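Enquirer: Take a look at run23.txt, compact mmCIF, C-alpha atoms and all ligand atoms:
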```txt
# COMPACT_ATOMS: atom_id res chain seq x y z
CA MET A 1 21.11 3.88 24.55
CA ARG A 2 17.93 1.82 24.55
CA VAL A 3 18.00 -1.86 23.70
CA ILE A 4 15.23 -4.14 22.46
CA ARG A 5 16.36 -7.44 23.98
CA GLU A 6 16.17 -10.84 22.30
CA ALA A 7 13.95 -10.10 19.37
CA MET A 8 13.30 -12.71 16.70
CA LEU A 9 14.17 -11.23 13.30
CA ALA A 10 12.35 -12.29 10.12
CA ASP A 11 15.14 -14.71 9.23
CA GLY A 12 14.79 -16.51 12.57
CA ARG A 13 17.90 -15.09 14.29
CA VAL A 14 17.39 -13.85 17.86
CA ARG A 15 19.23 -10.55 18.37
CA ASP A 16 19.36 -7.41 20.49
CA VAL A 17 18.59 -4.19 18.64
CA ARG A 18 20.10 -1.00 20.10
CA LEU A 19 18.57 2.37 19.30
CA ASP A 20 20.31 5.73 19.16
CA GLY A 21 17.62 8.41 18.96
CA GLU A 22 15.87 8.01 15.63
CA ARG A 23 18.25 5.37 14.30
CA ILE A 24 19.18 1.75 14.79
CA ASP A 25 22.65 1.81 16.32
CA ALA A 26 23.47 -1.91 16.30
CA VAL A 27 22.01 -5.36 15.81
CA GLY A 28 23.90 -8.07 17.71
CA GLU A 29 24.14 -10.39 20.67
CA ASP A 30 24.33 -9.19 24.30
CA LEU A 31 24.54 -5.51 23.44
CA ASP A 32 25.21 -2.99 26.21
CA GLY A 33 22.55 -0.43 27.00
CA GLU A 34 19.42 0.18 28.97
CA ALA A 35 16.75 -2.50 28.44
CA PHE A 36 13.82 -0.81 26.77
CA VAL A 37 11.78 -3.85 25.78
CA GLU A 38 12.23 -7.54 26.59
CA ALA A 39 11.04 -9.04 23.33
CA ASP A 40 11.35 -12.62 24.61
CA GLU A 41 11.77 -13.88 21.05
CA ARG A 42 8.70 -12.14 19.73
CA LEU A 43 9.04 -11.02 16.11
CA LEU A 44 10.62 -7.66 15.27
CA LEU A 45 10.01 -6.45 11.74
CA PRO A 46 10.85 -3.30 9.82
CA GLY A 47 7.71 -1.14 9.66
CA MET A 48 5.67 -1.57 6.50
CA ILE A 49 6.18 0.93 3.70
CA ASP A 50 2.74 1.20 2.09
CA ALA A 51 3.57 2.65 -1.31
CA HIS A 52 -0.08 3.10 -2.29
CA VAL A 53 -2.70 4.82 -0.13
CA HIS A 54 -5.44 7.36 -0.80
CA PHE A 55 -5.70 9.57 2.30
CA ARG A 56 -8.22 11.83 0.49
CA GLN A 57 -7.05 15.29 1.54
CA PRO A 58 -7.36 17.83 0.13
CA GLY A 59 -10.93 17.49 -1.10
CA PHE A 60 -12.52 14.42 0.45
CA GLY A 61 -11.87 14.66 4.18
CA HIS A 62 -15.28 13.15 4.90
CA LYS A 63 -13.85 9.82 3.60
CA GLU A 64 -10.44 9.94 5.32
CA THR A 65 -8.05 12.54 6.69
CA TRP A 66 -4.30 12.39 7.03
CA ALA A 67 -4.87 12.17 10.81
CA SER A 68 -7.32 9.24 10.67
CA GLY A 69 -5.55 7.45 7.81
CA SER A 70 -2.14 7.68 9.45
CA ARG A 71 -3.49 6.45 12.80
CA SER A 72 -4.96 3.48 10.97
CA ALA A 73 -1.56 2.94 9.33
CA ALA A 74 0.32 3.05 12.65
CA ALA A 75 -2.09 0.59 14.31
CA GLY A 76 -1.48 -1.79 11.42
CA GLY A 77 2.32 -1.62 11.58
CA VAL A 78 2.76 0.79 8.66
CA THR A 79 5.49 3.39 9.28
CA THR A 80 5.62 5.06 5.84
CA VAL A 81 2.69 5.82 3.52
CA VAL A 82 2.67 7.15 -0.04
CA ASP A 83 -0.35 9.16 -1.15
CA GLN A 84 -1.85 9.06 -4.63
CA PRO A 85 -2.82 12.06 -6.76
CA ASN A 86 -6.62 11.68 -7.26
CA THR A 87 -7.55 14.28 -4.66
CA ASP A 88 -9.21 17.69 -5.20
CA PRO A 89 -7.28 19.44 -6.54
CA PRO A 90 -5.51 16.53 -8.20
CA THR A 91 -1.76 16.52 -7.45
CA VAL A 92 -0.72 17.51 -10.97
CA THR A 93 0.97 20.88 -10.37
CA GLY A 94 3.63 22.13 -8.00
CA GLU A 95 1.06 24.21 -6.19
CA ALA A 96 -1.25 21.23 -5.68
CA PHE A 97 1.72 19.24 -4.35
CA ASP A 98 2.44 21.99 -1.82
CA GLU A 99 -1.20 22.10 -0.74
CA LYS A 100 -1.22 18.35 -0.13
CA ALA A 101 2.13 18.47 1.68
CA GLU A 102 0.54 20.82 4.24
CA PHE A 103 -2.10 18.19 5.01
CA ALA A 104 0.50 15.44 5.05
CA ALA A 105 2.45 17.33 7.71
CA GLY A 106 -0.32 16.17 10.09
CA SER A 107 0.60 12.51 9.51
CA LEU A 108 1.52 10.30 12.46
CA VAL A 109 3.84 8.22 10.24
CA ASP A 110 6.44 9.16 7.64
CA TRP A 111 5.08 9.89 4.20
CA GLY A 112 5.62 10.55 0.53
CA VAL A 113 3.39 12.23 -2.03
CA SER A 114 3.34 11.20 -5.67
CA GLY A 115 2.54 13.51 -8.57
CA GLY A 116 -0.12 12.63 -11.12
CA VAL A 117 -0.79 13.18 -14.80
CA THR A 118 -3.83 14.73 -16.48
CA ALA A 119 -4.24 16.68 -19.71
CA ASP A 120 -3.78 19.91 -17.75
CA TRP A 121 -0.88 18.89 -15.55
CA ASP A 122 2.12 21.17 -15.17
CA PRO A 123 5.19 18.95 -15.31
CA ASP A 124 7.63 21.86 -14.98
CA SER A 125 6.40 22.91 -11.54
CA LEU A 126 5.52 19.35 -10.48
CA PHE A 127 9.00 17.95 -11.06
CA GLU A 128 10.50 20.81 -9.03
CA ARG A 129 8.86 19.24 -5.98
CA PRO A 130 10.19 16.24 -3.99
CA LEU A 131 7.90 13.70 -5.67
CA PHE A 132 7.85 10.19 -4.26
CA ALA A 133 6.99 8.83 -7.73
CA LEU A 134 5.02 9.86 -10.80
CA GLY A 135 1.68 8.12 -10.40
CA GLU A 136 -0.44 6.35 -10.02
CA VAL A 137 -0.83 7.19 -13.70
CA PHE A 138 -4.30 6.06 -14.72
CA LEU A 139 -4.42 4.22 -18.05
CA ALA A 140 -8.18 3.76 -17.43
CA ASP A 141 -10.60 5.84 -15.39
CA SER A 142 -10.94 5.05 -11.71
CA THR A 143 -12.03 7.19 -8.74
CA GLY A 144 -11.31 10.78 -9.82
CA ASP A 145 -11.60 10.16 -13.58
CA MET A 146 -7.90 10.77 -14.24
CA GLY A 147 -7.59 8.33 -17.16
CA ILE A 148 -5.14 9.52 -19.86
CA ASP A 149 -4.44 8.56 -23.48
CA ALA A 150 -1.39 6.78 -24.95
CA ASP A 151 0.35 9.94 -26.19
CA LEU A 152 0.17 11.66 -22.85
CA PHE A 153 1.41 8.49 -21.13
CA ARG A 154 4.42 8.42 -23.46
CA ALA A 155 5.17 12.09 -22.77
CA ALA A 156 4.80 11.52 -19.02
CA CYS A 157 7.24 8.59 -19.12
CA ARG A 158 9.81 10.77 -20.89
CA ARG A 159 9.51 13.50 -18.28
CA ALA A 160 9.83 10.94 -15.45
CA ALA A 161 12.87 9.38 -17.10
CA ASP A 162 14.55 12.81 -17.33
CA ALA A 163 13.78 13.45 -13.66
CA GLY A 164 14.90 9.97 -12.55
CA VAL A 165 11.51 9.31 -10.96
CA VAL A 166 9.73 5.91 -10.98
CA VAL A 167 6.40 5.78 -12.86
CA THR A 168 3.64 3.84 -11.08
CA VAL A 169 0.84 2.70 -13.36
CA HIS A 170 -2.82 1.79 -12.91
CA ALA A 171 -2.86 -0.72 -15.76
CA GLU A 172 -6.24 -1.55 -17.23
CA ASP A 173 -7.20 -1.17 -20.89
CA ALA A 174 -10.75 0.20 -21.07
CA ASP A 175 -11.03 -0.88 -24.73
CA LEU A 176 -11.07 -4.46 -23.46
CA PHE A 177 -13.81 -3.97 -20.89
CA SER A 178 -16.83 -6.18 -21.49
CA GLU A 179 -19.81 -3.97 -22.33
CA ASP A 180 -22.15 -7.01 -22.15
CA ALA A 181 -21.81 -7.02 -18.37
CA LYS A 182 -23.54 -3.64 -18.24
CA SER A 183 -26.93 -5.35 -18.51
CA ARG A 184 -26.37 -7.05 -15.13
CA ASP A 185 -26.87 -5.48 -11.73
CA ASP A 186 -25.29 -7.98 -9.32
CA ALA A 187 -21.98 -7.14 -7.57
CA ASP A 188 -20.03 -9.64 -9.71
CA ALA A 189 -20.96 -7.64 -12.82
CA TRP A 190 -18.10 -5.22 -12.00
CA SER A 191 -15.57 -8.07 -12.19
CA ALA A 192 -17.12 -9.28 -15.45
CA TYR A 193 -17.03 -5.75 -16.87
CA ARG A 194 -13.42 -4.79 -16.03
CA ALA A 195 -12.24 -8.10 -17.44
CA ALA A 196 -9.03 -9.83 -16.33
CA ASP A 197 -7.54 -9.69 -19.87
CA ALA A 198 -7.70 -5.91 -19.79
CA GLU A 199 -4.94 -5.91 -17.16
CA ALA A 200 -2.14 -7.90 -18.82
CA ALA A 201 -2.70 -6.02 -22.10
CA ALA A 202 -2.29 -2.69 -20.33
CA VAL A 203 0.76 -3.92 -18.38
CA GLU A 204 2.43 -4.97 -21.65
CA ARG A 205 1.77 -1.59 -23.21
CA ALA A 206 2.98 0.26 -20.11
CA VAL A 207 6.28 -1.63 -19.95
CA ASP A 208 6.85 -1.14 -23.70
CA VAL A 209 6.21 2.58 -23.62
CA GLY A 210 8.19 2.91 -20.39
CA SER A 211 11.25 1.13 -21.70
CA GLU A 212 11.18 3.08 -24.96
CA ALA A 213 11.16 6.28 -22.92
CA GLY A 214 13.90 5.02 -20.61
CA ALA A 215 11.57 5.20 -17.60
CA THR A 216 11.46 2.83 -14.62
CA VAL A 217 7.94 1.38 -14.42
CA HIS A 218 6.21 -0.08 -11.38
CA ILE A 219 2.77 -1.66 -11.87
CA ALA A 220 0.31 -0.66 -9.15
CA HIS A 221 -2.26 -3.07 -7.65
CA THR A 222 -1.58 -5.94 -10.08
CA SER A 223 -4.63 -8.18 -9.71
CA THR A 224 -4.00 -11.13 -12.05
CA PRO A 225 -1.20 -13.71 -12.37
CA GLU A 226 -1.00 -12.75 -16.06
CA GLY A 227 -0.41 -9.13 -15.03
CA VAL A 228 2.42 -10.12 -12.65
CA ASP A 229 4.01 -12.28 -15.36
CA ALA A 230 3.77 -9.48 -17.93
CA ALA A 231 5.41 -7.01 -15.54
CA ARG A 232 8.29 -9.40 -14.84
CA ALA A 233 8.73 -10.22 -18.54
CA GLY A 234 9.04 -6.49 -19.23
CA ASP A 235 11.48 -5.79 -16.39
CA ALA A 236 8.93 -3.77 -14.45
CA THR A 237 8.32 -4.27 -10.74
CA CYS A 238 4.83 -4.94 -9.47
CA GLU A 239 2.74 -4.54 -6.37
CA VAL A 240 -0.25 -6.60 -5.26
CA THR A 241 -2.98 -5.63 -2.78
CA PRO A 242 -4.20 -7.69 0.17
CA HIS A 243 -7.75 -7.71 -1.26
CA HIS A 244 -6.60 -9.46 -4.44
CA LEU A 245 -4.70 -11.99 -2.31
CA PHE A 246 -7.31 -12.72 0.34
CA LEU A 247 -10.62 -12.10 -1.50
CA SER A 248 -12.07 -13.29 -4.81
CA ARG A 249 -15.27 -13.07 -6.86
CA GLU A 250 -16.66 -15.77 -4.56
CA ASP A 251 -16.78 -13.21 -1.75
CA LEU A 252 -18.98 -10.79 -3.70
CA ASP A 253 -22.22 -12.42 -2.56
CA ASP A 254 -21.33 -11.30 0.95
CA LEU A 255 -19.55 -8.05 0.13
CA GLY A 256 -22.00 -6.74 -2.44
CA THR A 257 -21.08 -3.28 -3.70
CA PHE A 258 -18.60 -2.89 -0.79
CA GLY A 259 -16.43 -5.29 -2.80
CA ARG A 260 -16.26 -3.00 -5.84
CA MET A 261 -12.76 -1.70 -6.58
CA ASN A 262 -10.39 -1.18 -9.54
CA PRO A 263 -9.01 -3.47 -10.69
CA PRO A 264 -11.87 -5.68 -9.46
CA LEU A 265 -11.82 -8.95 -7.54
CA ARG A 266 -10.86 -11.92 -9.72
CA SER A 267 -11.73 -15.62 -9.84
CA GLU A 268 -10.66 -17.92 -7.01
CA ALA A 269 -8.25 -19.68 -9.41
CA ARG A 270 -6.56 -16.37 -10.25
CA ARG A 271 -6.42 -15.41 -6.56
CA GLU A 272 -4.62 -18.68 -5.79
CA ALA A 273 -2.18 -18.19 -8.66
CA LEU A 274 -1.48 -14.65 -7.42
CA PHE A 275 -0.81 -15.93 -3.90
CA GLU A 276 1.59 -18.51 -5.30
CA ARG A 277 3.54 -15.67 -6.94
CA LEU A 278 3.66 -13.84 -3.62
CA ALA A 279 4.95 -16.90 -1.76
CA ASP A 280 7.63 -17.79 -4.32
CA GLY A 281 9.06 -14.31 -4.80
CA ARG A 282 7.59 -13.18 -8.11
CA VAL A 283 5.58 -10.40 -6.44
CA ASP A 284 7.85 -7.51 -5.48
CA VAL A 285 5.66 -5.42 -3.19
CA ILE A 286 2.47 -5.55 -1.17
CA ALA A 287 0.73 -2.18 -1.10
CA THR A 288 -2.80 -1.68 0.08
CA ASP A 289 -4.42 0.79 -2.35
CA HIS A 290 -6.22 1.93 0.82
CA ALA A 291 -9.16 3.67 -0.90
CA PRO A 292 -11.79 4.52 1.71
CA HIS A 293 -15.34 5.56 0.87
CA THR A 294 -18.06 5.89 3.49
CA GLY A 295 -20.58 3.13 4.06
CA ASP A 296 -23.34 5.44 2.80
CA GLU A 297 -21.46 6.05 -0.43
CA LYS A 298 -20.81 2.33 -0.97
CA ASP A 299 -24.43 1.45 -0.30
CA ALA A 300 -25.57 2.06 -3.89
CA SER A 301 -26.12 0.05 -7.08
CA ILE A 302 -23.08 -1.72 -8.51
CA TRP A 303 -22.89 0.88 -11.30
CA ASP A 304 -23.19 3.85 -8.93
CA ALA A 305 -21.12 2.80 -5.92
CA PRO A 306 -17.61 4.32 -5.83
CA SER A 307 -14.65 1.95 -6.37
CA GLY A 308 -12.21 1.24 -3.57
CA VAL A 309 -11.79 -0.46 -0.20
CA PRO A 310 -9.82 0.49 2.95
CA GLY A 311 -6.85 -1.72 3.88
CA VAL A 312 -3.88 0.13 5.40
CA GLU A 313 -4.48 -1.27 8.91
CA THR A 314 -5.09 -4.89 7.94
CA ALA A 315 -2.35 -5.64 5.36
CA LEU A 316 0.49 -6.64 7.67
CA PRO A 317 -1.90 -8.45 10.09
CA LEU A 318 -3.33 -10.55 7.21
CA LEU A 319 0.15 -11.38 5.88
CA LEU A 320 1.40 -12.29 9.36
CA ASP A 321 -1.60 -14.55 9.81
CA ALA A 322 -0.80 -16.25 6.49
CA ALA A 323 2.77 -16.70 7.77
CA ARG A 324 1.44 -18.12 11.06
CA GLU A 325 -0.54 -20.63 9.00
CA GLY A 326 2.63 -21.55 7.11
CA ASP A 327 1.46 -20.18 3.73
CA LEU A 328 4.26 -17.62 3.57
CA SER A 329 7.68 -17.14 5.18
CA TYR A 330 8.41 -14.20 7.50
CA GLU A 331 11.28 -13.26 5.20
CA ARG A 332 8.81 -12.87 2.32
CA VAL A 333 6.58 -10.73 4.53
CA ARG A 334 9.58 -8.52 5.41
CA ASP A 335 10.68 -8.27 1.78
CA VAL A 336 7.34 -7.37 0.20
CA THR A 337 6.28 -4.96 2.93
CA ALA A 338 9.57 -3.20 3.65
CA ALA A 339 12.90 -4.22 2.08
CA ASN A 340 11.69 -4.32 -1.54
CA PRO A 341 9.69 -1.07 -1.55
CA ALA A 342 12.71 0.64 0.08
CA ASP A 343 14.97 -0.63 -2.73
CA ILE A 344 12.55 0.01 -5.61
CA PHE A 345 11.69 3.55 -4.57
CA GLY A 346 15.13 4.48 -3.25
CA LEU A 347 14.70 4.84 0.52
CA PRO A 348 18.16 3.96 1.89
CA ARG A 349 17.18 4.77 5.50
CA LYS A 350 14.02 2.64 5.52
CA GLY A 351 12.98 -0.99 5.15
CA ARG A 352 15.50 -3.04 7.13
CA VAL A 353 16.40 -3.81 10.73
CA GLU A 354 20.02 -2.83 10.25
CA ALA A 355 22.54 -0.49 11.91
CA GLY A 356 22.28 3.02 10.48
CA ARG A 357 18.69 2.72 9.31
CA ASP A 358 15.73 4.57 10.82
CA ALA A 359 14.24 2.83 13.86
CA ASP A 360 10.93 2.15 12.07
CA LEU A 361 9.95 -1.06 13.84
CA VAL A 362 7.01 -3.30 14.62
CA LEU A 363 6.88 -5.86 17.45
CA VAL A 364 4.42 -8.73 17.11
CA ASP A 365 3.55 -11.88 18.96
CA PRO A 366 3.33 -14.11 15.87
CA GLU A 367 0.89 -16.59 17.44
CA ASN A 368 -1.52 -13.95 18.71
CA ALA A 369 -4.16 -13.79 15.98
CA ARG A 370 -7.51 -12.11 16.46
CA GLU A 371 -10.61 -11.49 14.42
CA ILE A 372 -10.55 -8.41 12.21
CA ARG A 373 -13.53 -6.17 12.99
CA GLY A 374 -14.31 -2.87 11.31
CA ASP A 375 -15.33 -1.50 14.70
CA ASP A 376 -11.82 -1.99 16.07
CA LEU A 377 -10.04 -0.24 13.19
CA HIS A 378 -9.04 3.43 13.10
CA SER A 379 -9.87 4.57 9.57
CA ASN A 380 -12.57 7.21 9.31
CA VAL A 381 -14.70 4.67 7.42
CA GLU A 382 -15.87 2.12 9.90
CA TRP A 383 -15.93 -0.95 7.68
CA THR A 384 -13.48 -3.44 6.24
CA PRO A 385 -13.84 -5.98 3.43
CA PHE A 386 -11.89 -8.40 5.68
CA GLU A 387 -14.49 -8.51 8.50
CA GLY A 388 -14.20 -11.82 10.39
CA LYS A 389 -10.82 -12.87 8.96
CA GLN A 390 -7.89 -13.48 11.32
CA GLY A 391 -5.09 -10.94 11.69
CA VAL A 392 -1.88 -10.73 13.75
CA PHE A 393 -1.73 -7.10 14.87
CA PRO A 394 1.36 -5.26 16.16
CA GLU A 395 1.94 -4.93 19.88
CA TRP A 396 3.52 -1.59 19.10
CA THR A 397 4.70 0.43 16.13
CA MET A 398 7.74 2.72 16.26
CA VAL A 399 8.61 5.50 13.80
CA ARG A 400 12.16 6.88 14.00
CA GLY A 401 12.55 5.78 17.59
CA THR A 402 9.14 6.92 18.90
CA VAL A 403 6.43 4.39 19.76
CA VAL A 404 3.53 5.98 17.87
CA TRP A 405 1.06 3.17 18.69
CA ASP A 406 1.39 1.09 21.87
CA GLY A 407 -1.52 -1.25 21.15
CA ASP A 408 -3.87 1.05 22.99
CA GLU A 409 -3.01 4.68 22.34
CA PHE A 410 -1.36 6.89 19.76
CA ALA A 411 1.53 9.21 20.60
CA ALA A 412 1.80 12.80 19.43
CA PHE A 413 4.38 12.63 16.64
CA ASP A 414 5.13 14.43 13.39
CA GLY A 415 5.77 12.19 10.42
CA GLU A 416 8.21 13.55 7.87
CA ASN A 417 8.46 13.54 4.09
CA VAL A 418 10.80 10.64 3.25
CA ARG A 419 12.08 12.56 0.20
CA GLN A 420 13.39 15.47 2.29
N1 LIG B 501 -8.74 1.33 -6.42
C1 LIG B 501 -9.92 1.89 -6.43
O1 LIG B 501 -10.91 1.24 -6.71
N2 LIG B 501 -10.09 3.19 -6.13
C2 LIG B 501 -9.08 4.18 -5.88
C3 LIG B 501 -8.43 4.65 -7.13
C4 LIG B 501 -7.48 3.65 -7.76
O2 LIG B 501 -6.50 3.24 -7.14
O3 LIG B 501 -7.69 3.24 -8.89
C5 LIG B 501 -9.71 5.35 -5.13
O4 LIG B 501 -9.03 6.37 -5.00
O5 LIG B 501 -10.86 5.25 -4.66
ZN ZN B 502 -5.54 2.58 -9.27
ZN ZN B 503 -4.97 3.62 -6.02
```
For this file, write the structure as structure tokens.
Expert:
Amino acid sequence: MRVIREAMLADGRVRDVRLDGERIDAVGEDLDGEAFVEADERLLLPGMIDAHVHFRQPGFGHKETWASGSRSAAAGGVTTVVDQPNTDPPTVTGEAFDEKAEFAAGSLVDWGVSGGVTADWDPDSLFERPLFALGEVFLADSTGDMGIDADLFRAACRRAADAGVVVTVHAEDADLFSEDAKSRDDADAWSAYRAADAEAAAVERAVDVGSEAGATVHIAHTSTPEGVDAARAGDATCEVTPHHLFLSREDLDDLGTFGRMNPPLRSEARREALFERLADGRVDVIATDHAPHTGDEKDASIWDAPSGVPGVETALPLLLDAAREGDLSYERVRDVTAANPADIFGLPRKGRVEAGRDADLVLVDPENAREIRGDDLHSNVEWTPFEGKQGVFPEWTMVRGTVVWDGDEFAAFDGENVRQ
């Protein structure tokens, strides 16, 4: 059996990790076996589970494909991705799920597909499929215009509760958007329009409706400290994106319409308060909301540009750089990128460097930071909102025992549905 020798784990222990095919066989000292990698105390982490990506197929393959999106994931240390339902057709029927699953079969990393909710969804056929989660359920319109009303949300929560499936929620309350901002045409107008207060109000409603229905609620891309606090107060889990942790309204002068996304960038004070909640354990999950649009599409007025930014390849590198700077512990990085999403979404084989789990692993030299450049990334869209920031990228990424990215090239590998 192959052994990764003397790897530093997130908690600081130096251990050998022995692999048996697709699984981790043992974690210990001086393990027998054939040396596969001398880690020399470089950091070995469980691969990131990115519970929120938009890989765009079927329907929008000019923005991203499962092939390009999953290569980008692998190069960023992500070993499992979960796709969202705002494709064409939207993933709101069993048949649409099957159509997307055929595209997903071309993924280089393991994957899940969530089912969505619209007025013409078909819950009976949808819940027959191996859904990763129900969601993201859009309480306000975003890309794809899948916003739904309160009654349908309640009904959807009941169905999810019956099926034992987690509901993931895009929580913004459009009634609280600030119409005044519509007279402006600068990039910051989007942040003024989709006001910060509109998030916590929607989170509160979502956790109330969810608990009444007996559903387990997870708040997607929580962008404000008030939103995180409301989720915790209501016993919901929450995820936060890298863009809301590493960018704020102050960056919009540079980003222009490329910095438009939902929920939008917030004030620097809110960004700092969000980061504090990441560092101290109040944030459960980091997920990217990787939402690529082409440069041509983004190059429009603030009211016409589509919402969303890519991020699947830069999330772990940005977090590892924050850890290198001492702003975050490696244990927190491990928990929010792997251990917690595995627990919240029920993936017993993923998320930890532990005997019996899948060998989904990332090796990094924690001091080796480099500049993030859109040109170096592997998404189909050749831009990043994090251009010029520092990132610590993986030396290699392994999915179920196969090195799918060796820092230079991708292997041929078939990712599998984590729900099957
Ligand atoms: N976040 C975004 O601004 N856009 C997402 C949709 C979404 O997650 O709301 C997209 O699919 O483009
Ligand atoms: Zn969303
Ligand atoms: Zn999304």
Enquirer: Which residues are near A:Leu347? Cut-off 10 Å, all atoms listed in the file, ignore same chain within fewer than 2 positions. Put them as a PyMOL selection string.
Expert: chain A and resi 49+132+339-345+349-351+357+418-419
Enquirer: Using all atoms listed in the file, what table do you get, as CSV, when you list each residue of chain A with an atom no more than 8 Å from ligand ZN 502 (chain B), its nearest pair of atoms, and their distance in Å rounded to one decimal, rows by chain then rising number?
Expert:
```
residue,atom,partner,partner_atom,distance
A:Glu136,CA,B:ZN502,ZN,6.4
A:Val137,CA,B:ZN502,ZN,7.9
A:Phe138,CA,B:ZN502,ZN,6.6
A:Ser142,CA,B:ZN502,ZN,6.4
A:Thr143,CA,B:ZN502,ZN,8.0
A:Val169,CA,B:ZN502,ZN,7.6
A:His170,CA,B:ZN502,ZN,4.6
A:Ala171,CA,B:ZN502,ZN,7.8
A:Ala220,CA,B:ZN502,ZN,6.7
A:His221,CA,B:ZN502,ZN,6.7
A:Asn262,CA,B:ZN502,ZN,6.1
A:Pro263,CA,B:ZN502,ZN,7.1
A:Asp289,CA,B:ZN502,ZN,7.2
```
Enquirer: Please identify all polymer residues lying at most 10 Å from the point (10.6, -6.2, 22.2) (file coordinates), using all atoms listed in the file, and present the result as a PyMOL selection string.
Expert: chain A and resi 3-8+16-17+35-44+361-365+395-396
Enquirer: Export, as a tab-separated table (two decimals), in the frame of the given file, the selected residues with C-alpha atoms.
Expert:
```
chain	number	residue	atom	x	y	z
A	3	VAL	CA	18.00	-1.86	23.70
A	4	ILE	CA	15.23	-4.14	22.46
A	5	ARG	CA	16.36	-7.44	23.98
A	6	GLU	CA	16.17	-10.84	22.30
A	7	ALA	CA	13.95	-10.10	19.37
A	8	MET	CA	13.30	-12.71	16.70
A	16	ASP	CA	19.36	-7.41	20.49
A	17	VAL	CA	18.59	-4.19	18.64
A	35	ALA	CA	16.75	-2.50	28.44
A	36	PHE	CA	13.82	-0.81	26.77
A	37	VAL	CA	11.78	-3.85	25.78
A	38	GLU	CA	12.23	-7.54	26.59
A	39	ALA	CA	11.04	-9.04	23.33
A	40	ASP	CA	11.35	-12.62	24.61
A	41	GLU	CA	11.77	-13.88	21.05
A	42	ARG	CA	8.70	-12.14	19.73
A	43	LEU	CA	9.04	-11.02	16.11
A	44	LEU	CA	10.62	-7.66	15.27
A	361	LEU	CA	9.95	-1.06	13.84
A	362	VAL	CA	7.01	-3.30	14.62
A	363	LEU	CA	6.88	-5.86	17.45
A	364	VAL	CA	4.42	-8.73	17.11
A	365	ASP	CA	3.55	-11.88	18.96
A	395	GLU	CA	1.94	-4.93	19.88
A	396	TRP	CA	3.52	-1.59	19.10
```
Enquirer: Looking at only C-alpha atoms, which of A:Gly356, A:Gly164, A:Pro90, A:Pro366 is the one that sits closest to A:Asp25?
Expert: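 Checking each candidate against A:Asp25, we get A:Gly356 as the closest.
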Enquirer: Kindly provide, as a PDB file with C-alpha atoms, in the coordinates of the input, the polymer residues lying within 7 Å of (6.8, 8.1, 13.2), counting all atoms listed in the file and using the coordinates exactly as they appear in the file.
Expert:
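Writing done, so here's out_25.pdb:
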```
ATOM      1  CA  THR A  79       5.490   3.390   9.280  1.00  0.00           C
ATOM      2  CA  LEU A 108       1.520  10.300  12.460  1.00  0.00           C
ATOM      3  CA  VAL A 109       3.840   8.220  10.240  1.00  0.00           C
ATOM      4  CA  ASP A 110       6.440   9.160   7.640  1.00  0.00           C
ATOM      5  CA  MET A 398       7.740   2.720  16.260  1.00  0.00           C
ATOM      6  CA  VAL A 399       8.610   5.500  13.800  1.00  0.00           C
ATOM      7  CA  ARG A 400      12.160   6.880  14.000  1.00  0.00           C
ATOM      8  CA  THR A 402       9.140   6.920  18.900  1.00  0.00           C
ATOM      9  CA  VAL A 404       3.530   5.980  17.870  1.00  0.00           C
ATOM     10  CA  PHE A 413       4.380  12.630  16.640  1.00  0.00           C
ATOM     11  CA  ASP A 414       5.130  14.430  13.390  1.00  0.00           C
ATOM     12  CA  GLY A 415       5.770  12.190  10.420  1.00  0.00           C
TER      13      GLY A 415
END
```
Enquirer: If you count all atoms listed in the file, which residues end up within 10 Å of ligand LIG 501 (chain B), as a PyMOL selection string?
Expert: chain A and resi 52-56+63+83-87+136-147+169-172+220-221+241+259-264+288-293+306-310
Enquirer: Of the candidates A:Glu239, A:Asp208, A:Asp327, A:Asp229, which shows the shortest atom-to-atom distance to ligand ZN 503 (chain B), using only C-alpha atoms and all ligand atoms?
Expert: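 Under the stated criterion, the closest residue is A:Glu239.
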Enquirer: Suppose you want the space between atom CA of A:Val228 and atom CA of A:Val336; what is it in Å?
Expert: 14.0 Å
